[in-house]
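Structure below is entry-v2.txt: compact mmCIF, C-alpha atoms.
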# COMPACT_ATOMS: atom_id res chain seq x y z
CA MET Y 426 -13.05 151.00 -99.80
CA SER Y 427 -10.02 153.16 -99.05
CA THR Y 428 -7.11 152.05 -96.89
CA ARG Y 429 -7.97 154.66 -94.25
CA ILE Y 430 -11.53 153.35 -93.90
CA LYS Y 431 -10.25 149.75 -93.64
CA ASP Y 432 -7.79 150.75 -90.91
CA ARG Y 433 -10.52 152.58 -89.04
CA LEU Y 434 -12.88 149.61 -89.32
CA LEU Y 435 -10.19 147.21 -88.11
CA TYR Y 436 -9.44 149.53 -85.18
CA ILE Y 437 -13.13 149.58 -84.19
CA ILE Y 438 -13.36 145.77 -84.39
CA ILE Y 439 -10.25 145.31 -82.23
CA CYS Y 440 -11.53 147.80 -79.64
CA ALA Y 441 -14.92 146.07 -79.59
CA ILE Y 442 -13.33 142.66 -79.03
CA SER Y 443 -11.16 144.09 -76.23
CA PHE Y 444 -14.15 145.66 -74.48
CA ILE Y 445 -16.17 142.45 -74.82
CA THR Y 446 -13.32 140.46 -73.23
CA LEU Y 447 -12.98 143.00 -70.43
CA GLY Y 448 -16.74 143.04 -69.96
CA ILE Y 449 -16.89 139.25 -69.58
CA LEU Y 450 -14.12 139.37 -66.98
CA VAL Y 451 -15.80 142.15 -65.02
CA TRP Y 452 -19.18 140.38 -65.19
CA ILE Y 453 -17.76 137.10 -63.88
CA MET Y 454 -15.87 138.80 -61.04
CA ALA Y 455 -18.84 141.00 -60.12
CA TYR Y 456 -21.18 138.01 -60.07
CA ILE Y 457 -18.90 135.99 -57.80
CA ILE Y 458 -18.14 138.89 -55.46
CA THR Y 459 -21.78 139.98 -55.07
CA LYS Y 460 -22.76 136.38 -54.29
CA GLY Y 461 -19.91 135.71 -51.88
CA LEU Y 462 -19.09 138.99 -50.13
CA PRO Y 463 -22.17 139.02 -47.84
CA TYR Y 464 -21.08 135.68 -46.34
CA ILE Y 465 -17.50 136.68 -45.56
CA SER Y 466 -16.94 137.39 -41.89
CA TRP Y 467 -14.03 137.51 -39.47
CA GLU Y 468 -15.02 134.12 -38.10
CA PHE Y 469 -15.16 132.70 -41.63
CA LEU Y 470 -11.61 133.90 -42.30
CA THR Y 471 -10.05 132.86 -38.98
CA THR Y 472 -11.56 129.46 -38.18
CA ASP Y 473 -11.23 125.99 -39.67
CA TYR Y 474 -13.83 123.89 -41.46
CA ARG Y 475 -15.79 121.52 -39.25
CA GLY Y 476 -19.25 120.06 -39.12
CA ASP Y 477 -20.51 122.78 -36.80
CA ARG Y 478 -18.78 125.72 -38.51
CA GLU Y 479 -17.46 126.75 -41.90
CA GLY Y 480 -14.09 128.51 -41.94
CA ILE Y 481 -11.26 128.67 -44.47
CA LEU Y 482 -8.15 129.64 -42.48
CA PRO Y 483 -6.44 126.24 -43.02
CA SER Y 484 -7.22 126.47 -46.75
CA ILE Y 485 -5.72 129.97 -46.96
CA VAL Y 486 -2.55 128.84 -45.19
CA THR Y 487 -2.39 125.71 -47.36
CA THR Y 488 -2.68 127.77 -50.55
CA LEU Y 489 0.14 130.10 -49.48
CA TYR Y 490 2.35 127.17 -48.40
CA LEU Y 491 1.77 125.41 -51.71
CA ILE Y 492 2.69 128.54 -53.68
CA ILE Y 493 5.95 128.87 -51.75
CA ILE Y 494 6.88 125.18 -52.07
CA SER Y 495 6.01 124.93 -55.78
CA LEU Y 496 7.78 128.14 -56.80
CA SER Y 497 10.84 127.27 -54.69
CA ILE Y 498 11.25 124.17 -56.84
CA SER Y 499 10.11 125.36 -60.28
CA THR Y 500 11.47 128.91 -60.43
CA PRO Y 501 15.23 128.13 -60.24
CA ILE Y 502 14.85 125.23 -62.68
CA GLY Y 503 12.68 127.22 -65.08
CA ILE Y 504 14.87 130.33 -65.08
CA GLY Y 505 18.04 128.23 -65.40
CA THR Y 506 16.58 126.36 -68.37
CA ALA Y 507 15.54 129.61 -70.05
CA ILE Y 508 19.02 131.08 -69.55
CA TYR Y 509 20.58 128.00 -71.11
CA LEU Y 510 18.24 128.08 -74.11
CA VAL Y 511 18.76 131.79 -74.80
CA GLU Y 512 22.35 132.44 -73.77
CA TYR Y 513 24.28 129.18 -74.18
CA SER Y 514 22.50 126.75 -76.47
CA LYS Y 515 23.22 126.34 -80.17
CA PRO Y 516 20.74 125.11 -82.79
CA GLY Y 517 20.69 121.34 -83.01
CA LYS Y 518 18.77 118.18 -82.27
CA THR Y 519 19.30 118.46 -78.51
CA ILE Y 520 17.70 121.88 -78.38
CA ASP Y 521 14.88 120.71 -80.63
CA VAL Y 522 14.19 117.83 -78.23
CA ILE Y 523 14.21 120.19 -75.22
CA ARG Y 524 11.81 122.61 -76.88
CA PHE Y 525 9.55 119.76 -77.94
CA ALA Y 526 9.49 118.50 -74.36
CA ILE Y 527 8.57 121.98 -73.07
CA VAL Y 528 5.73 122.33 -75.57
CA THR Y 529 4.49 118.84 -74.75
CA LEU Y 530 4.53 119.52 -71.01
CA ALA Y 531 2.51 122.70 -71.58
CA GLY Y 532 -0.17 120.78 -73.46
CA ILE Y 533 -0.66 117.87 -71.04
CA PRO Y 534 -4.04 117.99 -69.24
CA SER Y 535 -3.79 118.65 -65.52
CA ILE Y 536 -5.51 115.36 -64.68
CA ILE Y 537 -2.55 113.52 -66.26
CA TYR Y 538 -0.20 115.41 -63.97
CA GLY Y 539 -2.42 114.39 -61.07
CA LEU Y 540 -2.28 110.72 -62.01
CA PHE Y 541 1.49 110.90 -62.48
CA GLY Y 542 1.96 112.64 -59.13
CA TYR Y 543 -0.26 110.08 -57.44
CA MET Y 544 1.56 107.06 -58.91
CA PHE Y 545 5.10 108.43 -58.56
CA PHE Y 546 5.25 110.76 -55.55
CA VAL Y 547 2.35 109.45 -53.46
CA ILE Y 548 2.78 105.70 -54.04
CA ALA Y 549 6.23 104.94 -55.53
CA LEU Y 550 8.17 107.39 -53.33
CA ASN Y 551 5.75 106.84 -50.43
CA TYR Y 552 5.22 110.56 -49.77
CA GLY Y 553 1.49 109.99 -49.30
CA ASN Y 554 -1.00 112.80 -49.76
CA SER Y 555 1.20 115.66 -48.64
CA PHE Y 556 2.54 119.12 -49.41
CA LEU Y 557 5.71 117.52 -50.76
CA ALA Y 558 3.85 115.36 -53.28
CA GLY Y 559 1.50 118.17 -54.28
CA GLY Y 560 4.23 120.81 -54.49
CA MET Y 561 6.55 118.69 -56.63
CA THR Y 562 3.73 117.74 -59.00
CA ILE Y 563 2.56 121.34 -59.36
CA SER Y 564 6.15 122.53 -59.88
CA ILE Y 565 6.49 120.19 -62.87
CA MET Y 566 3.20 121.44 -64.24
CA VAL Y 567 4.14 125.15 -64.14
CA LEU Y 568 7.67 124.66 -65.51
CA PRO Y 569 6.67 125.26 -69.17
CA THR Y 570 5.03 128.58 -68.24
CA ILE Y 571 8.10 129.80 -66.39
CA ILE Y 572 10.51 128.61 -69.08
CA ARG Y 573 8.66 130.04 -72.08
CA THR Y 574 7.82 133.40 -70.48
CA THR Y 575 11.31 133.85 -69.05
CA GLU Y 576 12.81 132.89 -72.40
CA GLU Y 577 10.81 135.62 -74.15
CA ALA Y 578 11.83 138.12 -71.47
CA LEU Y 579 15.51 137.30 -71.98
CA LYS Y 580 15.17 137.59 -75.76
CA ALA Y 581 13.63 141.03 -75.32
CA VAL Y 582 16.80 142.36 -73.66
CA PRO Y 583 18.65 144.39 -76.33
CA LYS Y 584 21.74 142.72 -77.74
CA SER Y 585 23.66 145.96 -77.20
CA PHE Y 586 23.41 145.46 -73.42
CA ARG Y 587 25.31 142.20 -73.70
CA GLU Y 588 27.84 143.57 -76.19
CA GLY Y 589 28.53 146.63 -74.04
CA SER Y 590 29.11 144.54 -70.93
CA LEU Y 591 31.40 142.11 -72.74
CA ALA Y 592 33.31 145.01 -74.32
CA LEU Y 593 34.04 146.37 -70.84
CA GLY Y 594 35.67 143.06 -69.89
CA ALA Y 595 32.86 141.34 -68.05
CA THR Y 596 32.51 137.59 -68.40
CA LYS Y 597 29.44 136.02 -69.95
CA LEU Y 598 28.18 134.81 -66.59
CA THR Y 599 28.66 138.26 -65.01
CA THR Y 600 26.84 139.84 -67.95
CA ILE Y 601 23.90 137.49 -67.49
CA ILE Y 602 23.69 138.02 -63.74
CA LYS Y 603 24.23 141.78 -63.59
CA ILE Y 604 22.89 143.01 -66.94
CA VAL Y 605 20.54 140.54 -68.62
CA LEU Y 606 18.59 139.20 -65.63
CA PRO Y 607 17.87 142.63 -64.03
CA SER Y 608 16.62 143.88 -67.39
CA ALA Y 609 14.38 140.83 -67.75
CA ILE Y 610 13.00 140.93 -64.20
CA PRO Y 611 9.54 142.26 -65.20
CA GLY Y 612 9.11 139.39 -67.66
CA ILE Y 613 10.39 136.85 -65.14
CA LEU Y 614 7.95 138.11 -62.52
CA ALA Y 615 5.20 137.90 -65.13
CA ALA Y 616 6.06 134.21 -65.50
CA ILE Y 617 5.88 133.77 -61.73
CA ILE Y 618 2.52 135.58 -61.57
CA LEU Y 619 1.11 133.32 -64.29
CA SER Y 620 2.39 130.31 -62.39
CA ILE Y 621 0.78 131.51 -59.16
CA GLY Y 622 -2.50 131.88 -61.01
CA ARG Y 623 -2.32 128.27 -62.16
CA ILE Y 624 -1.23 126.98 -58.75
CA VAL Y 625 -4.13 128.58 -56.87
CA GLY Y 626 -6.62 127.44 -59.50
CA GLU Y 627 -5.71 123.76 -59.71
CA THR Y 628 -7.96 121.12 -58.21
CA ALA Y 629 -7.57 117.77 -60.02
CA VAL Y 630 -3.80 117.59 -59.44
CA LEU Y 631 -4.10 118.45 -55.77
CA ILE Y 632 -6.96 116.08 -55.01
CA PHE Y 633 -4.70 113.22 -56.16
CA THR Y 634 -1.49 114.43 -54.49
CA LEU Y 635 -2.17 116.91 -51.68
CA GLY Y 636 -5.47 115.40 -50.62
CA THR Y 637 -8.58 116.97 -49.13
CA ALA Y 638 -7.95 116.98 -45.38
CA THR Y 639 -9.60 119.92 -43.62
CA GLY Y 640 -7.19 120.23 -40.72
CA PHE Y 641 -4.55 122.87 -40.16
CA PRO Y 642 -1.24 121.87 -41.83
CA THR Y 643 1.73 121.48 -39.49
CA SER Y 644 4.42 119.89 -41.67
CA ILE Y 645 5.43 119.32 -45.26
CA MET Y 646 4.15 115.73 -45.06
CA ASP Y 647 0.63 116.73 -44.02
CA SER Y 648 -2.43 116.42 -46.22
CA ALA Y 649 -4.59 119.53 -46.61
CA ARG Y 650 -6.86 121.31 -49.05
CA THR Y 651 -6.27 124.57 -50.88
CA LEU Y 652 -8.94 127.20 -51.45
CA SER Y 653 -9.71 125.86 -54.92
CA VAL Y 654 -10.07 122.28 -53.65
CA HIS Y 655 -12.18 123.49 -50.74
CA LEU Y 656 -14.36 125.41 -53.19
CA TYR Y 657 -14.74 122.30 -55.34
CA MET Y 658 -15.65 120.12 -52.37
CA LEU Y 659 -18.27 122.61 -51.14
CA ALA Y 660 -19.86 122.81 -54.58
CA LYS Y 661 -19.69 119.04 -55.08
CA GLU Y 662 -21.26 118.25 -51.73
CA GLY Y 663 -23.95 120.85 -52.37
CA LEU Y 664 -24.07 121.72 -48.69
CA SER Y 665 -23.34 125.42 -48.89
CA PHE Y 666 -23.17 127.26 -52.18
CA GLU Y 667 -23.02 130.53 -50.23
CA GLN Y 668 -19.78 129.42 -48.57
CA ALA Y 669 -18.50 128.28 -51.96
CA PHE Y 670 -19.06 131.75 -53.40
CA ALA Y 671 -17.46 133.30 -50.32
CA THR Y 672 -14.42 131.04 -50.77
CA ALA Y 673 -14.23 131.99 -54.44
CA THR Y 674 -14.34 135.68 -53.48
CA VAL Y 675 -11.46 135.26 -51.04
CA LEU Y 676 -9.51 133.37 -53.70
CA LEU Y 677 -10.02 136.23 -56.18
CA ILE Y 678 -8.92 138.80 -53.62
CA ILE Y 679 -5.78 136.85 -52.69
CA THR Y 680 -4.85 136.36 -56.35
CA ALA Y 681 -5.40 140.05 -57.14
CA PHE Y 682 -3.34 141.06 -54.10
CA ILE Y 683 -0.44 138.77 -55.07
CA ASN Y 684 -0.52 140.13 -58.65
CA PHE Y 685 -0.55 143.72 -57.36
CA ILE Y 686 2.40 143.16 -55.02
CA SER Y 687 4.36 141.32 -57.74
CA SER Y 688 3.77 144.16 -60.21
CA LYS Y 689 4.99 146.72 -57.67
CA ILE Y 690 8.09 144.62 -56.96
CA ALA Y 691 8.80 144.29 -60.69
CA LEU Y 692 8.45 148.06 -61.18
CA ASN Y 693 10.78 148.86 -58.26
CA ILE Y 694 13.38 146.34 -59.43
CA LYS Y 695 13.25 147.75 -62.95
CA ARG Y 696 13.71 151.30 -61.64
CA PHE Y 697 16.60 150.17 -59.45
CA ALA Y 698 18.24 148.35 -62.37
CA MET Y 699 17.87 151.37 -64.65
CA GLY Y 700 19.25 153.64 -61.92
CA SER Y 701 22.26 151.37 -61.42
CA LYS Y 702 23.04 151.51 -65.14
CA ASN Y 703 22.86 155.28 -65.14

Let me see the file written as structure tokens.
Amino acid sequence: MSTRIKDRLLYIIICAISFITLGILVWIMAYIITKGLPYISWEFLTTDYRGDREGILPSIVTTLYLIIISLSISTPIGIGTAIYLVEYSKPGKTIDVIRFAIVTLAGIPSIIYGLFGYMFFVIALNYGNSFLAGGMTISIMVLPTIIRTTEEALKAVPKSFREGSLALGATKLTTIIKIVLPSAIPGILAAIILSIGRIVGETAVLIFTLGTATGFPTSIMDSARTLSVHLYMLAKEGLSFEQAFATATVLLIITAFINFISSKIALNIKRFAMGSKN
């Protein structure tokens, strides 16, 4: 078999695998949307969940609040850690320990994070089931994603960018802030998008830390339930699978919308950064 035939065969196999993966994704999304869309109404989106009605407005607000709280904690820490690892650290045992810790955190099952958050934030620190306990636990859980993805984004910035900035008399910190970070913004936003996806999809961690209260949240110390927890509770109780599918549809739409907006922001920032350099 000639090399050209082998390359062609490999190309066909790769394309087939890609289309199969895409097909599975489309099938899952289509199945959920067709099952849930007929049950979505204005009342469903703008009321709360009670015995006499089934609404998800508090869950939508809770999900958005949790995203903001978790990312406000994890993003600065994750980006700062990635900058240290790429720009300042030198090979050694300390760096090996840090990288080992990051890999270990990434591999810990979410239920372990939930138990830790429950024992430490809920009980030891007496935060109770609240946004604060849930947000801090989730922020720890998404740290490895932000660190590793941001680290790869920083490594992808050409070395010549740094050398050119330093040659013009800029300090290392100025080079990182004005040259390296703007160039790595798309990768950093990719890390944030991946983190958002994990935040909105978590249930076990939040059941232990945030709780399952159905009321409308009013403070950071309130207990509430996100869309994913609400979806889990509906399916577990077996009271309304239609509402569960409708909740899942809303969750998919919100996630897709956040990803779309983040991609647009990343593109505009990249264009602005490239324009500033020119």

- Message: From the options Y:Ile601, Y:Met566, Y:Leu491, Y:Val528, which residue's atoms come nearest to Leu635 of chain Y, counting only C-alpha atoms?
- Response: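 Of Y:Ile601, Y:Met566, Y:Leu491, Y:Val528, the one nearest Leu635 of chain Y is Y:Leu491, counting only C-alpha atoms.
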
Near-Lys597 of chain Y list (10 Å; only C-alpha atoms; drop same-chain fewer than 5 positions) as a tab-separated table (two decimals) with C-alpha atoms, in the coordinates of the input:
chain	number	residue	atom	x	y	z
Y	512	GLU	CA	22.35	132.44	-73.77
Y	513	TYR	CA	24.28	129.18	-74.18
Y	587	ARG	CA	25.31	142.20	-73.70
Y	588	GLU	CA	27.84	143.57	-76.19
Y	590	SER	CA	29.11	144.54	-70.93
Y	591	LEU	CA	31.40	142.11	-72.74
Y	602	ILE	CA	23.69	138.02	-63.74

- Message: For a test of reading the model, state the distance in Å between atom CA of Leu550 of chain Y and atom CA of Pro501 of chain Y, rounded to one decimal.
- Response: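 Atom-to-atom, atom CA of Leu550 of chain Y and atom CA of Pro501 of chain Y are spaced 23.0 Å apart.
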
Residues of segment 571-653 of chain Y that have any atom at most 10 Å from an atom of segment 465-476 of chain Y: could you tabulate them with the shortest-distance atom pair and the distance in Å to one decimal, using only C-alpha atoms, ordered by chain and increasing number, as CSV?
residue,atom,partner,partner_atom,distance
Y:Ala638,CA,Y:Tyr474,CA,9.9
Y:Thr639,CA,Y:Tyr474,CA,6.2
Y:Gly640,CA,Y:Asp473,CA,7.1
Y:Phe641,CA,Y:Asp473,CA,7.4

- Query: Do you know which residues are at most 12 Å from Ile533 of chain Y counting only C-alpha atoms, after dropping those on the same chain fewer than 5 positions away, and could you put them as a PyMOL selection string?
  - Reply: chain Y and resi 526-528+538-541+565-567+569

When you get a chance, write out N, CA and C atoms for segment 614-630 of chain Y, as a tab-separated table (two decimals), in the coordinates of the input.
chain	number	residue	atom	x	y	z
Y	614	LEU	N	9.02	138.02	-63.50
Y	614	LEU	CA	7.95	138.11	-62.52
Y	614	LEU	C	6.59	137.85	-63.15
Y	615	ALA	N	6.44	138.22	-64.42
Y	615	ALA	CA	5.20	137.90	-65.13
Y	615	ALA	C	5.01	136.38	-65.21
Y	616	ALA	N	6.12	135.67	-65.46
Y	616	ALA	CA	6.06	134.21	-65.50
Y	616	ALA	C	5.66	133.65	-64.14
Y	617	ILE	N	6.20	134.23	-63.07
Y	617	ILE	CA	5.88	133.77	-61.73
Y	617	ILE	C	4.42	134.05	-61.40
Y	618	ILE	N	3.92	135.23	-61.81
Y	618	ILE	CA	2.52	135.58	-61.57
Y	618	ILE	C	1.60	134.61	-62.29
Y	619	LEU	N	1.92	134.30	-63.55
Y	619	LEU	CA	1.11	133.32	-64.29
Y	619	LEU	C	1.13	131.96	-63.62
Y	620	SER	N	2.28	131.59	-63.09
Y	620	SER	CA	2.39	130.31	-62.39
Y	620	SER	C	1.56	130.30	-61.11
Y	621	ILE	N	1.59	131.42	-60.39
Y	621	ILE	CA	0.78	131.51	-59.16
Y	621	ILE	C	-0.70	131.36	-59.50
Y	622	GLY	N	-1.11	132.00	-60.59
Y	622	GLY	CA	-2.50	131.88	-61.01
Y	622	GLY	C	-2.90	130.44	-61.28
Y	623	ARG	N	-2.00	129.67	-61.89
Y	623	ARG	CA	-2.32	128.27	-62.16
Y	623	ARG	C	-2.27	127.44	-60.90
Y	624	ILE	N	-1.35	127.75	-59.99
Y	624	ILE	CA	-1.23	126.98	-58.75
Y	624	ILE	C	-2.50	127.13	-57.91
Y	625	VAL	N	-2.96	128.36	-57.73
Y	625	VAL	CA	-4.13	128.58	-56.87
Y	625	VAL	C	-5.42	128.08	-57.51
Y	626	GLY	N	-5.40	127.88	-58.83
Y	626	GLY	CA	-6.62	127.44	-59.50
Y	626	GLY	C	-6.72	125.96	-59.75
Y	627	GLU	N	-5.69	125.20	-59.43
Y	627	GLU	CA	-5.71	123.76	-59.71
Y	627	GLU	C	-6.50	122.99	-58.66
Y	628	THR	N	-7.23	121.99	-59.12
Y	628	THR	CA	-7.96	121.12	-58.21
Y	628	THR	C	-7.64	119.64	-58.45
Y	629	ALA	N	-7.74	119.20	-59.71
Y	629	ALA	CA	-7.57	117.77	-60.02
Y	629	ALA	C	-6.22	117.26	-59.55
Y	630	VAL	N	-5.15	118.01	-59.84
Y	630	VAL	CA	-3.80	117.59	-59.44
Y	630	VAL	C	-3.71	117.45	-57.93
